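Colleague: Okay, so here is structure-v6.txt, and as you'll see once you scroll down, it has compact mmCIF, C-alpha atoms.
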```txt
# COMPACT_ATOMS: atom_id res chain seq x y z
CA MET P 154 -72.70 20.70 20.95
CA THR P 155 -70.13 18.26 19.71
CA THR P 156 -69.81 14.82 21.15
CA ARG P 157 -66.35 13.34 21.72
CA THR P 158 -65.87 9.67 21.25
CA ASP P 159 -62.88 8.07 22.88
CA ARG P 160 -61.12 5.78 20.53
CA PRO P 161 -58.73 3.13 21.72
CA PRO P 162 -55.08 3.91 20.93
CA ALA P 163 -53.69 2.36 17.80
CA PRO P 164 -51.72 -0.79 18.54
CA ALA P 165 -47.96 -0.38 18.44
CA PRO P 166 -46.28 -2.00 15.47
CA ALA P 167 -45.00 -5.43 16.27
CA ARG P 168 -41.28 -5.59 16.68
CA SER P 169 -39.50 -7.99 14.43
CA ARG P 170 -37.95 -10.71 16.46
CA PRO P 171 -35.02 -12.77 15.28
CA ASP P 172 -36.02 -16.13 13.99
CA HIS P 173 -34.88 -18.77 16.44
CA GLY P 174 -36.65 -21.62 14.75
CA PRO P 175 -35.08 -24.87 13.56
CA HIS P 176 -34.50 -23.48 10.06
CA ALA P 177 -32.44 -20.56 11.37
CA LEU P 178 -30.37 -22.83 13.62
CA VAL P 179 -29.64 -25.21 10.77
CA SER P 180 -28.62 -22.33 8.48
CA ARG P 181 -26.33 -20.88 11.14
CA PHE P 182 -24.76 -24.27 11.82
CA LEU P 183 -24.10 -24.84 8.12
CA GLY P 184 -22.60 -21.37 7.76
CA TYR P 185 -20.18 -21.90 10.65
CA ALA P 186 -19.35 -25.40 9.42
CA ILE P 187 -18.42 -24.06 5.96
CA LEU P 188 -16.30 -21.28 7.49
CA ILE P 189 -14.49 -23.73 9.78
CA PHE P 190 -13.89 -26.14 6.90
CA PHE P 191 -12.29 -23.53 4.63
CA GLY P 192 -10.37 -22.09 7.58
CA LEU P 193 -8.83 -25.50 8.24
CA VAL P 194 -8.08 -25.94 4.52
CA PHE P 195 -6.14 -22.69 4.45
CA LEU P 196 -4.38 -23.36 7.78
CA TYR P 197 -3.38 -26.95 7.04
CA PRO P 198 -0.31 -26.10 4.88
CA PHE P 199 0.98 -23.88 7.68
CA VAL P 200 0.39 -26.67 10.21
CA ILE P 201 2.32 -29.06 7.95
CA GLN P 202 5.15 -26.55 7.73
CA LEU P 203 5.20 -26.16 11.50
CA GLY P 204 5.14 -29.89 12.15
CA ASN P 205 7.87 -30.77 9.64
CA SER P 206 10.14 -28.08 11.07
CA PHE P 207 10.43 -30.09 14.30
CA LYS P 208 10.84 -33.51 12.66
CA THR P 209 13.92 -35.58 12.01
CA GLU P 210 15.02 -35.99 8.41
CA PRO P 211 13.83 -39.65 8.10
CA ASP P 212 10.48 -38.86 9.76
CA ALA P 213 9.86 -35.87 7.46
CA ALA P 214 10.76 -37.90 4.36
CA ALA P 215 8.53 -40.84 5.37
CA ASN P 216 5.53 -38.81 6.64
CA PRO P 217 5.67 -35.38 5.01
CA LEU P 218 1.92 -34.71 5.38
CA SER P 219 1.69 -35.66 9.04
CA PRO P 220 1.51 -32.59 11.31
CA LEU P 221 2.82 -34.50 14.35
CA PRO P 222 6.62 -34.91 14.64
CA ASP P 223 7.86 -38.20 16.08
CA PRO P 224 10.18 -37.48 17.79
CA VAL P 225 10.29 -33.71 18.32
CA THR P 226 13.72 -32.27 17.57
CA LEU P 227 15.37 -28.89 17.00
CA ALA P 228 18.05 -30.29 14.71
CA GLY P 229 16.60 -28.53 11.68
CA PHE P 230 16.79 -25.12 13.34
CA GLU P 231 20.33 -25.82 14.54
CA ARG P 232 21.36 -26.56 10.95
CA ILE P 233 19.68 -23.37 9.75
CA PHE P 234 21.84 -21.16 11.94
CA ALA P 235 25.01 -23.26 11.86
CA GLY P 236 25.06 -24.64 8.33
CA THR P 237 23.57 -21.84 6.22
CA ASN P 238 23.87 -18.08 5.78
CA PHE P 239 20.44 -17.55 7.32
CA PRO P 240 21.64 -14.86 9.82
CA LEU P 241 23.18 -12.90 6.92
CA TRP P 242 20.01 -13.21 4.81
CA LEU P 243 17.93 -12.15 7.80
CA GLY P 244 20.07 -9.06 8.37
CA ASN P 245 19.93 -8.08 4.71
CA SER P 246 16.15 -8.52 4.63
CA LEU P 247 15.68 -6.43 7.76
CA LEU P 248 17.85 -3.62 6.37
CA VAL P 249 16.16 -3.59 2.97
CA THR P 250 12.63 -3.96 4.35
CA VAL P 251 12.92 -1.21 6.97
CA LEU P 252 14.44 1.31 4.55
CA VAL P 253 11.99 0.46 1.77
CA THR P 254 9.00 0.67 4.11
CA LEU P 255 10.06 4.06 5.47
CA GLY P 256 10.76 5.33 1.96
CA ARG P 257 7.42 4.17 0.61
CA VAL P 258 5.43 5.62 3.49
CA PHE P 259 7.07 9.02 3.02
CA LEU P 260 7.36 9.21 -0.77
CA ASP P 261 4.00 7.58 -1.56
CA SER P 262 2.18 9.86 0.87
CA LEU P 263 4.02 12.90 -0.48
CA ALA P 264 3.18 12.02 -4.09
CA GLY P 265 -0.41 11.16 -3.14
CA TYR P 266 -0.85 14.53 -1.46
CA ALA P 267 0.55 16.35 -4.50
CA LEU P 268 -1.81 14.52 -6.86
CA ALA P 269 -4.79 15.10 -4.56
CA ARG P 270 -4.32 18.76 -3.67
CA LEU P 271 -1.82 20.57 -5.90
CA ARG P 272 -3.00 21.93 -9.23
CA PHE P 273 -0.31 21.71 -11.89
CA LYS P 274 -0.14 21.07 -15.61
CA GLY P 275 -0.21 17.39 -16.52
CA ARG P 276 -1.59 16.23 -13.17
CA SER P 277 -4.32 14.09 -14.75
CA GLY P 278 -1.86 12.53 -17.19
CA LEU P 279 0.57 11.77 -14.38
CA PHE P 280 -2.14 10.06 -12.34
CA ALA P 281 -3.18 8.07 -15.42
CA ALA P 282 0.44 6.94 -15.78
CA VAL P 283 0.43 5.79 -12.15
CA ILE P 284 -2.69 3.72 -12.80
CA ALA P 285 -1.11 2.31 -15.97
CA VAL P 286 1.97 1.20 -14.03
CA MET P 287 -0.29 -0.77 -11.67
CA ALA P 288 -1.64 -2.68 -14.67
CA VAL P 289 1.80 -3.74 -15.93
CA PRO P 290 3.00 -7.18 -14.67
CA GLY P 291 6.19 -6.84 -12.68
CA VAL P 292 7.94 -9.60 -14.60
CA VAL P 293 7.79 -7.46 -17.77
CA LEU P 294 10.00 -4.85 -16.11
CA LEU P 295 12.75 -7.20 -14.93
CA ILE P 296 15.05 -6.79 -17.94
CA PRO P 297 14.60 -2.98 -18.18
CA LYS P 298 15.22 -2.80 -14.44
CA PHE P 299 18.47 -4.73 -14.80
CA LEU P 300 19.63 -2.45 -17.62
CA VAL P 301 18.85 0.68 -15.60
CA LEU P 302 20.65 -0.62 -12.51
CA ASN P 303 23.67 -1.53 -14.61
CA GLN P 304 23.79 1.86 -16.30
CA LEU P 305 23.49 3.70 -12.98
CA GLY P 306 26.33 1.66 -11.51
CA ILE P 307 24.33 0.35 -8.56
CA TYR P 308 23.97 -3.24 -9.77
CA ASN P 309 25.01 -5.84 -7.18
CA SER P 310 24.82 -3.42 -4.25
CA TYR P 311 22.52 -2.48 -1.39
CA ALA P 312 21.49 0.61 -3.35
CA GLY P 313 20.33 -1.65 -6.17
CA LEU P 314 18.21 -3.62 -3.73
CA ILE P 315 16.66 -0.56 -2.06
CA VAL P 316 16.39 2.42 -4.42
CA PRO P 317 14.08 0.89 -7.10
CA LEU P 318 11.60 -0.16 -4.39
CA LEU P 319 11.36 3.15 -2.52
CA ALA P 320 8.07 4.11 -4.21
CA ASP P 321 5.26 2.14 -5.78
CA ALA P 322 2.15 3.04 -7.74
CA ALA P 323 -0.29 1.22 -5.47
CA GLY P 324 0.87 3.21 -2.44
CA VAL P 325 0.53 6.50 -4.31
CA PHE P 326 -3.00 5.54 -5.35
CA ILE P 327 -4.02 4.60 -1.80
CA MET P 328 -2.71 7.86 -0.33
CA LYS P 329 -4.22 10.02 -3.06
CA GLN P 330 -7.64 8.52 -2.53
CA PHE P 331 -7.43 9.09 1.22
CA PHE P 332 -6.19 12.68 0.97
CA GLU P 333 -9.10 13.53 -1.31
CA SER P 334 -11.46 12.57 1.53
CA VAL P 335 -9.87 15.10 3.91
CA PRO P 336 -11.90 18.37 4.10
CA VAL P 337 -10.21 21.23 2.29
CA SER P 338 -11.28 23.62 5.06
CA VAL P 339 -8.72 22.01 7.39
CA GLU P 340 -5.89 22.91 5.05
CA GLU P 341 -7.26 26.40 4.39
CA ALA P 342 -7.22 27.12 8.11
CA ALA P 343 -3.58 26.04 8.27
CA ARG P 344 -2.65 28.26 5.33
CA ILE P 345 -4.38 31.24 6.95
CA ASP P 346 -2.11 30.68 9.94
CA GLY P 347 0.89 30.94 7.60
CA ALA P 348 1.70 27.27 6.96
CA GLY P 349 3.21 26.40 3.59
CA VAL P 350 2.36 23.41 1.41
CA PHE P 351 4.84 21.02 2.99
CA ARG P 352 4.05 22.24 6.49
CA THR P 353 0.35 21.68 5.88
CA TYR P 354 1.04 18.19 4.55
CA TRP P 355 3.42 17.20 7.34
CA SER P 356 1.76 18.75 10.41
CA VAL P 357 -1.94 18.88 9.53
CA VAL P 358 -2.96 16.35 6.88
CA LEU P 359 -0.50 13.49 7.48
CA PRO P 360 -1.52 12.91 11.14
CA MET P 361 -5.12 12.56 9.94
CA ALA P 362 -4.08 9.82 7.51
CA LYS P 363 -3.07 7.29 10.16
CA PRO P 364 -5.36 4.46 8.92
CA ALA P 365 -4.05 4.85 5.36
CA LEU P 366 -0.45 5.06 6.59
CA ILE P 367 -0.85 1.89 8.64
CA THR P 368 -2.35 0.09 5.65
CA LEU P 369 0.55 1.28 3.50
CA THR P 370 3.05 0.18 6.16
CA ILE P 371 1.61 -3.35 6.30
CA LEU P 372 1.54 -3.70 2.50
CA SER P 373 5.02 -2.21 2.05
CA PHE P 374 6.61 -4.36 4.73
CA GLN P 375 5.01 -7.53 3.40
CA SER P 376 5.85 -6.88 -0.24
CA SER P 377 9.45 -5.80 0.37
CA TRP P 378 10.08 -8.65 2.84
CA ASN P 379 8.83 -11.22 0.32
CA GLU P 380 10.35 -9.54 -2.75
CA PHE P 381 12.10 -12.16 -4.85
CA PRO P 382 12.06 -11.22 -8.59
CA HIS P 383 13.76 -7.89 -7.93
CA SER P 384 16.63 -9.55 -6.04
CA LEU P 385 17.20 -11.84 -9.03
CA VAL P 386 18.09 -8.91 -11.30
CA ALA P 387 19.57 -6.59 -8.66
CA VAL P 388 22.31 -8.72 -7.02
CA GLN P 389 24.40 -11.80 -7.66
CA ASP P 390 26.75 -11.61 -4.67
CA PRO P 391 25.72 -14.25 -2.05
CA GLY P 392 26.65 -11.73 0.62
CA LEU P 393 23.77 -9.52 -0.55
CA PHE P 394 21.10 -12.20 -0.68
CA THR P 395 17.87 -11.50 1.17
CA LEU P 396 15.71 -14.19 2.77
CA PRO P 397 13.60 -14.99 -0.31
CA ARG P 398 16.72 -15.30 -2.44
CA GLY P 399 18.50 -17.40 0.17
CA LEU P 400 15.49 -19.68 0.69
CA ALA P 401 15.25 -20.19 -3.05
CA ASP P 402 18.91 -21.20 -3.00
CA LEU P 403 18.15 -23.76 -0.30
CA VAL P 404 15.15 -25.17 -2.14
CA SER P 405 17.21 -25.52 -5.33
CA GLY P 406 19.44 -28.00 -3.50
CA SER P 407 22.54 -25.96 -2.70
CA LEU P 408 23.18 -28.02 0.45
CA GLY P 409 23.35 -31.34 -1.34
CA LYS P 410 21.02 -34.26 -1.94
CA GLY P 411 17.97 -35.27 0.05
CA THR P 412 14.65 -33.63 0.77
CA GLN P 413 15.86 -31.76 3.88
CA TYR P 414 12.30 -30.81 4.74
CA PRO P 415 13.02 -29.81 8.37
CA LEU P 416 15.72 -27.35 7.30
CA LYS P 417 13.79 -25.82 4.40
CA LEU P 418 10.43 -25.57 6.14
CA GLY P 419 12.04 -24.37 9.36
CA ALA P 420 13.75 -21.55 7.49
CA ALA P 421 10.47 -20.66 5.78
CA LEU P 422 8.73 -20.66 9.16
CA LEU P 423 11.28 -18.26 10.63
CA ALA P 424 10.91 -16.00 7.60
CA THR P 425 7.14 -15.84 8.16
CA ILE P 426 7.31 -14.65 11.78
CA PRO P 427 8.28 -10.96 11.21
CA VAL P 428 5.47 -10.40 8.68
CA ALA P 429 2.94 -12.00 11.03
CA ILE P 430 4.09 -9.81 13.93
CA ILE P 431 3.87 -6.61 11.87
CA PHE P 432 0.42 -7.53 10.58
CA VAL P 433 -0.99 -8.36 14.04
CA VAL P 434 0.45 -5.26 15.73
CA PHE P 435 -0.53 -2.71 13.08
CA GLN P 436 -3.89 -4.30 12.35
CA ARG P 437 -4.97 -3.54 15.91
CA TYR P 438 -4.21 0.16 15.49
CA PHE P 439 -5.80 0.21 12.06
CA VAL P 440 -9.08 -1.25 13.33
CA ARG P 441 -9.11 1.11 16.33
CA ASP P 442 -8.51 4.22 14.21
CA ALA P 443 -11.10 3.15 11.66
CA ASN P 444 -13.70 2.68 14.42
CA GLU P 445 -12.85 6.06 15.94
CA GLY P 446 -13.30 7.70 12.54
CA ALA P 447 -16.68 6.02 12.11
CA ASP P 448 -17.81 7.20 15.58
CA LYS P 449 -16.77 10.77 14.85
CA GLY P 450 -18.57 10.66 11.51
```
Any chance you could put this one into structure tokens?
Modeller:
Amino acid sequence: MTTRTDRPPAPAPARSRPDHGPHALVSRFLGYAILIFFGLVFLYPFVIQLGNSFKTEPDAAANPLSPLPDPVTLAGFERIFAGTNFPLWLGNSLLVTVLVTLGRVFLDSLAGYALARLRFKGRSGLFAAVIAVMAVPGVVLLIPKFLVLNQLGIYNSYAGLIVPLLADAAGVFIMKQFFESVPVSVEEAARIDGAGVFRTYWSVVLPMAKPALITLTILSFQSSWNEFPHSLVAVQDPGLFTLPRGLADLVSGSLGKGTQYPLKLGAALLATIPVAIIFVVFQRYFVRDANEGADKG
């Protein structure tokens, strides 16, 4: 006859509790203090720009580092729209940026899909060339770019501003890497239903690439909006100047003597607004789509 001894249950493992002691509080306080300090350091130039935009010319010249205008005035903005070609530069930048962004999103995604899925001779060498282009400084290509534009007969025209920027190596790389993460079974199912290569890309794979497309849209809009070196070699007609080229003309002193801080910084502030709006709007969708993808995974 066997005897059964009741043993007390093993104690449950102690749960680790977050450390709320003085050392943890001090570490957290120092961490937030460092973050706030560097945040203010990075924001201060923008605050200076904002403050000087609403100053009078004597106040901006006497106190350029003060963020508080005394008195507050809109004279600088009035001069921007009445005394410069800012509306023309703004229109040119909007036209170039919208067309370049649309072209990059379509062409970069199309090239990225071809490099990720299509099997053709020289594919590896072509992708290596794309990577090599990313390693070349843009300033090295300025003179060859001017020669090509001149030979094609599109120098000093809207085509010269837009066509060379319609595709970029970084966008192709981003889209290729994303398309390689898409399961091949999704495309095989579409081909069984009779869809061709372009139909599969356009109707099946591209809608799945929304986070990558939004990232590419933000980067393309920002880079084409702020593009300055290309405009130097693409156009010389003041009627074709974009905002970066026009602002550079203002900074170089085309309006005469004096610092003219309110006018220059006000124009720079207005040029910053569209990029900030695009980033804030599309970043929200990008974060939401990325979170949805993580939940599904």
Colleague: Name all residues at most 10 Å from Gln389 (chain P) (count only C-alpha atoms; drop same-chain ones fewer than 3 positions away) and give them as a ChimeraX atom specification.
Modeller: /P:308-310,384-386,392-394,398
Colleague: Residues of the last selection are to be written out with C-alpha atoms, as a PDB file, in the frame of the given file.
Modeller:
```pdb
ATOM      1  CA  TYR P 308      23.970  -3.240  -9.770  1.00  0.00           C
ATOM      2  CA  ASN P 309      25.010  -5.840  -7.180  1.00  0.00           C
ATOM      3  CA  SER P 310      24.820  -3.420  -4.250  1.00  0.00           C
ATOM      4  CA  SER P 384      16.630  -9.550  -6.040  1.00  0.00           C
ATOM      5  CA  LEU P 385      17.200 -11.840  -9.030  1.00  0.00           C
ATOM      6  CA  VAL P 386      18.090  -8.910 -11.300  1.00  0.00           C
ATOM      7  CA  GLY P 392      26.650 -11.730   0.620  1.00  0.00           C
ATOM      8  CA  LEU P 393      23.770  -9.520  -0.550  1.00  0.00           C
ATOM      9  CA  PHE P 394      21.100 -12.200  -0.680  1.00  0.00           C
ATOM     10  CA  ARG P 398      16.720 -15.300  -2.440  1.00  0.00           C
TER      11      ARG P 398
END
```
Colleague: Residues at most 9 Å from Val286 (chain P), counting only C-alpha atoms, excluding those fewer than 4 positions away in the same chain, as a PDB file with C-alpha atoms, in the coordinates of the input?
Modeller:
```
ATOM      1  CA  ALA P 281      -3.180   8.070 -15.420  1.00  0.00           C
ATOM      2  CA  ALA P 282       0.440   6.940 -15.780  1.00  0.00           C
ATOM      3  CA  PRO P 290       3.000  -7.180 -14.670  1.00  0.00           C
ATOM      4  CA  ASP P 321       5.260   2.140  -5.780  1.00  0.00           C
ATOM      5  CA  ALA P 322       2.150   3.040  -7.740  1.00  0.00           C
ATOM      6  CA  ALA P 323      -0.290   1.220  -5.470  1.00  0.00           C
TER       7      ALA P 323
END
```
Colleague: What separation in Å, quoted to one decimal, exists between CA of Asp261 (chain P) and CA of Trp355 (chain P)?
Modeller: 13.1 Å
Colleague: Please report the interatomic distance between CA of Ala312 (chain P) and CA of Ile431 (chain P) in Å with one decimal.
Modeller: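 These two atoms are separated by 24.4 Å.
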Colleague: For Pro222 (chain P), which of P:Ile201, P:Val358, P:Leu255, P:Leu241 is the closest residue, counting only C-alpha atoms?
Modeller: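 Among P:Ile201, P:Val358, P:Leu255, P:Leu241, it is P:Ile201 that comes nearest to Pro222 (chain P).
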Colleague: Just the residues within 12 Å of Ala387 (chain P), please, counting all atoms listed in the file, with nothing from its chain fewer than 3 positions along; format it as a PyMOL selection string.
Modeller: chain P and resi 295-303+305-318+380-384+390-391+393-395+398
Colleague: Can you spit out the residues from that selection as a PDB file, in the frame of the given file, using C-alpha atoms?
Modeller:
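The file below, out_2.pdb, is the result:
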```
ATOM      1  CA  LEU P 295      12.750  -7.200 -14.930  1.00  0.00           C
ATOM      2  CA  ILE P 296      15.050  -6.790 -17.940  1.00  0.00           C
ATOM      3  CA  PRO P 297      14.600  -2.980 -18.180  1.00  0.00           C
ATOM      4  CA  LYS P 298      15.220  -2.800 -14.440  1.00  0.00           C
ATOM      5  CA  PHE P 299      18.470  -4.730 -14.800  1.00  0.00           C
ATOM      6  CA  LEU P 300      19.630  -2.450 -17.620  1.00  0.00           C
ATOM      7  CA  VAL P 301      18.850   0.680 -15.600  1.00  0.00           C
ATOM      8  CA  LEU P 302      20.650  -0.620 -12.510  1.00  0.00           C
ATOM      9  CA  ASN P 303      23.670  -1.530 -14.610  1.00  0.00           C
ATOM     10  CA  LEU P 305      23.490   3.700 -12.980  1.00  0.00           C
ATOM     11  CA  GLY P 306      26.330   1.660 -11.510  1.00  0.00           C
ATOM     12  CA  ILE P 307      24.330   0.350  -8.560  1.00  0.00           C
ATOM     13  CA  TYR P 308      23.970  -3.240  -9.770  1.00  0.00           C
ATOM     14  CA  ASN P 309      25.010  -5.840  -7.180  1.00  0.00           C
ATOM     15  CA  SER P 310      24.820  -3.420  -4.250  1.00  0.00           C
ATOM     16  CA  TYR P 311      22.520  -2.480  -1.390  1.00  0.00           C
ATOM     17  CA  ALA P 312      21.490   0.610  -3.350  1.00  0.00           C
ATOM     18  CA  GLY P 313      20.330  -1.650  -6.170  1.00  0.00           C
ATOM     19  CA  LEU P 314      18.210  -3.620  -3.730  1.00  0.00           C
ATOM     20  CA  ILE P 315      16.660  -0.560  -2.060  1.00  0.00           C
ATOM     21  CA  VAL P 316      16.390   2.420  -4.420  1.00  0.00           C
ATOM     22  CA  PRO P 317      14.080   0.890  -7.100  1.00  0.00           C
ATOM     23  CA  LEU P 318      11.600  -0.160  -4.390  1.00  0.00           C
ATOM     24  CA  GLU P 380      10.350  -9.540  -2.750  1.00  0.00           C
ATOM     25  CA  PHE P 381      12.100 -12.160  -4.850  1.00  0.00           C
ATOM     26  CA  PRO P 382      12.060 -11.220  -8.590  1.00  0.00           C
ATOM     27  CA  HIS P 383      13.760  -7.890  -7.930  1.00  0.00           C
ATOM     28  CA  SER P 384      16.630  -9.550  -6.040  1.00  0.00           C
ATOM     29  CA  ASP P 390      26.750 -11.610  -4.670  1.00  0.00           C
ATOM     30  CA  PRO P 391      25.720 -14.250  -2.050  1.00  0.00           C
ATOM     31  CA  LEU P 393      23.770  -9.520  -0.550  1.00  0.00           C
ATOM     32  CA  PHE P 394      21.100 -12.200  -0.680  1.00  0.00           C
ATOM     33  CA  THR P 395      17.870 -11.500   1.170  1.00  0.00           C
ATOM     34  CA  ARG P 398      16.720 -15.300  -2.440  1.00  0.00           C
TER      35      ARG P 398
END
```
Colleague: Enclose region 187-200 of chain P, meaning all of its atoms listed in the file, in a box aligned along x, y and z, pad it by 3 Å on each side, and list the centre and edge lengths in Å to one decimal, as JSON.
Modeller:
```
{"center_x": -8.7, "center_y": -24.1, "center_z": 7.3, "size_x": 25.4, "size_y": 11.7, "size_z": 11.8}
```
Colleague: Considering all atoms listed in the file, can you say which of P:Ile233, P:Ile367, P:Leu203, P:Val335 comes closest to Leu403 (chain P)?
Modeller: P:Ile233
Colleague: Calculate how many Å separate CA of Pro198 (chain P) from CA of Thr368 (chain P), rounding to one decimal.
Modeller: 26.3 Å
Colleague: Starting from the point (12.6, -38.5, 6.4), work out which residues of protein, DNA or RNA have an atom no more than 12 Å away when counting only C-alpha atoms; state them as a list of chain:residue names.
Modeller: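 Applying the cut-off with only C-alpha atoms, one gets P:Asn205, P:Ser206, P:Phe207, P:Lys208, P:Thr209, P:Glu210, P:Pro211, P:Asp212, P:Ala213, P:Ala214, P:Ala215, P:Asn216, P:Pro217, P:Leu218, P:Ser219, P:Pro222, P:Asp223, P:Pro224, P:Gly229, P:Gly411, P:Thr412, P:Gln413, P:Tyr414, P:Pro415, P:Leu416.
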Colleague: Show which residues sit within 7 Å of Ser377 (chain P), as a PDB file with C-alpha atoms, in the coordinates of the input. Count only C-alpha atoms, and ignore same-chain residues fewer than 3 positions away.
Modeller:
```pdb
ATOM      1  CA  THR P 250      12.630  -3.960   4.350  1.00  0.00           C
ATOM      2  CA  VAL P 253      11.990   0.460   1.770  1.00  0.00           C
ATOM      3  CA  SER P 373       5.020  -2.210   2.050  1.00  0.00           C
ATOM      4  CA  PHE P 374       6.610  -4.360   4.730  1.00  0.00           C
ATOM      5  CA  GLU P 380      10.350  -9.540  -2.750  1.00  0.00           C
TER       6      GLU P 380
END
```
Colleague: List the neighbours of Val339 (chain P) out to 12 Å using all atoms listed in the file; skip same-chain residues closer than 4 positions along the sequence, and give me the result as JSON, numbers by chain.
Modeller: {"P": [332, 334, 335, 343, 344, 345, 346, 348, 353, 354, 356, 357, 358, 359, 361]}
Colleague: Which residue gives the smallest distance to Lys329 (chain P) among P:Arg352, P:Ala362, P:Leu268, P:Gln304, with only C-alpha atoms counted?
Modeller: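 The closest residue to Lys329 (chain P) is P:Leu268.
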Colleague: Kindly indicate which residue among P:Gly291, P:Gly347, P:Val337, P:Val258 lies nearest to Lys363 (chain P), using all atoms listed in the file for the distances.
Modeller: P:Val258
Colleague: Return the single residue from P:Pro175, P:Gly204, P:Gly236, P:Gly256 that is closest to Gly324 (chain P), with distances computed using all atoms listed in the file.
Modeller: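 Closest to Gly324 (chain P) of all the choices is P:Gly256.
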Colleague: Considering only C-alpha atoms, state which residue in the set P:Leu396, P:Val434, P:Leu418, P:Leu178 is at the smallest distance from Leu247 (chain P).
Modeller: P:Leu396
